[in-house]
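Inspection log for the structure reproduced underneath, given as structure tokens.
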Amino acid sequence: MSISRGTKIVLSIFAVIAFGFIYVPLGVILINSFSVDKSLTWPPSGFTTEWWGKAVQNEGVREALVTSVGVAVVATLLALVLGTLLALALGRYAFFGRESISMLVILPIALPGIVTGIALNNVFTTFLGGLTIVTLIVGHATFCIVVVFNNTIARIRRMGGNVEEASADLGAGGWTTFRLVTFPLMRSALVAGAILAFGLSFDEIIVTTFTAGPGITTLPIWIYQNLFRPNQAPIVNVVAAALVIVSILPIYVAQRFSNADERGAGLI
């Protein structure tokens, strides 16, 4: 069905408005990170790179960065193992309640973050004695699993079972088939899922607020705590701008792996 020229123009206008609504504020943050002003003012009266150097030297920023990276790495590893196993079980085997389990796996990412955070907080404080770094990692892993699961099960379904059956017909055992056939075909989907899970965990704040133990501060939490403190606005802008830039990289790399995955799927 062809689209008229007027419709294309209207859609293009709406697209520009939508992108502007999303990306103009991000651009303002980036510009303000180079502002000479210590308060949030627009337009900036001048530009400097001083705040970037101070952000690097800030001990609170460094500690929060290390915590964010550590939590994201461990949560991603847990999600990679559990999400892959779930995808293999739900994508390769038919059993009673499979669709219900699949819905339960995806549910954490569909629920509002505050609902998930409150639920986890109640469980951790009631049955596990309180909040620690472990509860924070578990909280992040709950939604990271969904990202890995979605990428992996989509790849498994596109891949089909013919190559695995052919491997079995040629005498290969289950582990050999997985190691030499299934895993290489799934690899790009696993990498893409892991990168997205890391990015999602790295900049998450809502669930973190309800599952982090006392004294545990991630980078998004540090930004929130220092946002309205006097003389901290420039450094907060720097950290926020760096967080936006860093968050772009996992999305870009995951997209490249997903595209490679699609090309590979077309060869099967």
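In the structure tokens, each chain is lettered A, B, ... as it comes, each chain's residues begin at 1, and ligands are numbered from 1 in order of appearance.
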Would you pick out the contacts of Ile114 (chain A) at 12 Å or less, using only C-alpha atoms, so that residues sharing its chain but fewer than 5 positions from it are not included, and give the list as a PyMOL selection string? chain A and resi 108-109+119-121+139+204-211
Do you know which residues are at most 9 Å from Ala87 (chain A) counting only C-alpha atoms, after dropping those on the same chain fewer than 6 positions away, and could you put them as a short mmCIF file (atom, residue, chain, number, x, y, z; two decimals) with C-alpha atoms, in the first residue's frame?
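Output (out.cif):
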data_model
loop_
_atom_site.label_atom_id
_atom_site.label_comp_id
_atom_site.auth_asym_id
_atom_site.auth_seq_id
_atom_site.Cartn_x
_atom_site.Cartn_y
_atom_site.Cartn_z
CA SER A 102 7.35 -18.16 29.79
CA VAL A 148 19.04 -12.65 27.80
CA PHE A 149 16.02 -14.95 27.63
CA ASN A 150 14.28 -12.92 24.91
CA ASN A 151 17.38 -12.78 22.71
CA THR A 152 18.21 -16.45 23.16
CA ILE A 153 14.77 -17.95 22.71
CA ALA A 154 14.17 -15.85 19.59
CA ILE A 156 16.50 -20.82 19.12
#
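Using only C-alpha atoms, the nearest neighbour of Ala189 (chain A) within the list A:Met103, A:Ala168, A:Val253, A:Ala72 is A:Val253.
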Closest of A:Leu90, A:Ala212, A:Leu111, A:Leu26 to Val138 (chain A) - atom-to-atom distances counting only C-alpha atoms: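 Answer, going by the shortest atom-to-atom distance: A:Ala212.
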Determine the nearest neighbour of Pro234 (chain A) from the options A:Gln255, A:Thr125, A:Asn32, A:Ser45, counting only C-alpha atoms. A:Asn32
Neighbours of region 78-85 of chain A within 10 Å (only C-alpha atoms; same-chain residues fewer than 2 positions away dropped), as a PyMOL selection string? chain A and resi 72-76+87-91+105+137-138+140-153+186+190-191+193-194+197-198
Could those selected residues go to a file with C-alpha atoms, as a short mmCIF file (atom, residue, chain, number, x, y, z; two decimals), in the first residue's frame?
data_model
loop_
_atom_site.label_atom_id
_atom_site.label_comp_id
_atom_site.auth_asym_id
_atom_site.auth_seq_id
_atom_site.Cartn_x
_atom_site.Cartn_y
_atom_site.Cartn_z
CA ALA A 72 26.33 -5.18 36.46
CA VAL A 73 29.00 -7.79 35.65
CA VAL A 74 27.80 -10.30 38.27
CA ALA A 75 24.11 -9.73 37.47
CA THR A 76 24.86 -10.20 33.76
CA ALA A 87 15.42 -20.41 26.80
CA LEU A 88 16.73 -23.88 25.97
CA ALA A 89 14.11 -25.54 28.17
CA LEU A 90 11.17 -23.47 26.90
CA GLY A 91 12.32 -23.34 23.29
CA VAL A 105 9.92 -15.15 33.10
CA ILE A 137 22.74 -8.16 42.48
CA VAL A 138 19.75 -10.50 42.74
CA HIS A 140 19.26 -6.59 38.97
CA ALA A 141 19.47 -10.19 37.78
CA THR A 142 15.67 -10.52 37.88
CA PHE A 143 15.20 -8.15 34.95
CA CYS A 144 18.53 -8.92 33.23
CA ILE A 145 17.39 -12.53 32.84
CA VAL A 146 14.50 -11.33 30.69
CA VAL A 147 16.82 -9.59 28.21
CA VAL A 148 19.04 -12.65 27.80
CA PHE A 149 16.02 -14.95 27.63
CA ASN A 150 14.28 -12.92 24.91
CA ASN A 151 17.38 -12.78 22.71
CA THR A 152 18.21 -16.45 23.16
CA ILE A 153 14.77 -17.95 22.71
CA MET A 186 23.46 -18.96 19.50
CA LEU A 190 24.04 -14.50 23.82
CA VAL A 191 26.60 -11.72 23.41
CA GLY A 193 21.73 -10.24 25.35
CA ALA A 194 24.65 -10.00 27.78
CA ALA A 197 21.72 -6.79 30.27
CA PHE A 198 24.92 -5.08 31.39
#
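Going from CA of Val24 (chain A) over to CA of Thr217 (chain A), you cover 28.3 Å.
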Smallest atom-to-atom distance to Ile245 (chain A): which of A:Val10, A:Val115, A:Ile29, A:Met159, using only C-alpha atoms? A:Ile29
When you look at Phe202 (chain A) with a cut-off of 8 Å (counting only C-alpha atoms), what residues show up, excluding the ones that are within fewer than 5 positions of it in the same chain? I need them as a VMD selection string. chain A and resid 68 to 69 71 to 72 219
Can you list, as a list in words, every protein, DNA or RNA residue that comes within 12 Å of Trp52 (chain A) when you count only C-alpha atoms, leaving out same-chain residues fewer than 2 positions away? Leu30, Asn32, Ser33, Phe34, Ser35, Val36, Phe47, Thr48, Thr49, Glu50, Lys54, Ala55, Val56, Gln57, Asn58, Val61, Pro234, Ile235, Val236, Asn237, Val238, Val239, Ala240, Ala241 and Ala242 of chain A
In Å, rounded to a single decimal, give me how far CA of Arg92 (chain A) is from CA of Ala166 (chain A).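 Computing the Euclidean distance for CA of Ala166 (chain A) and CA of Arg92 (chain A) yields 15.3 Å.
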In Å, with one decimal, what is the gap from CA of Val66 (chain A) to CA of Ser201 (chain A)? 13.1 Å
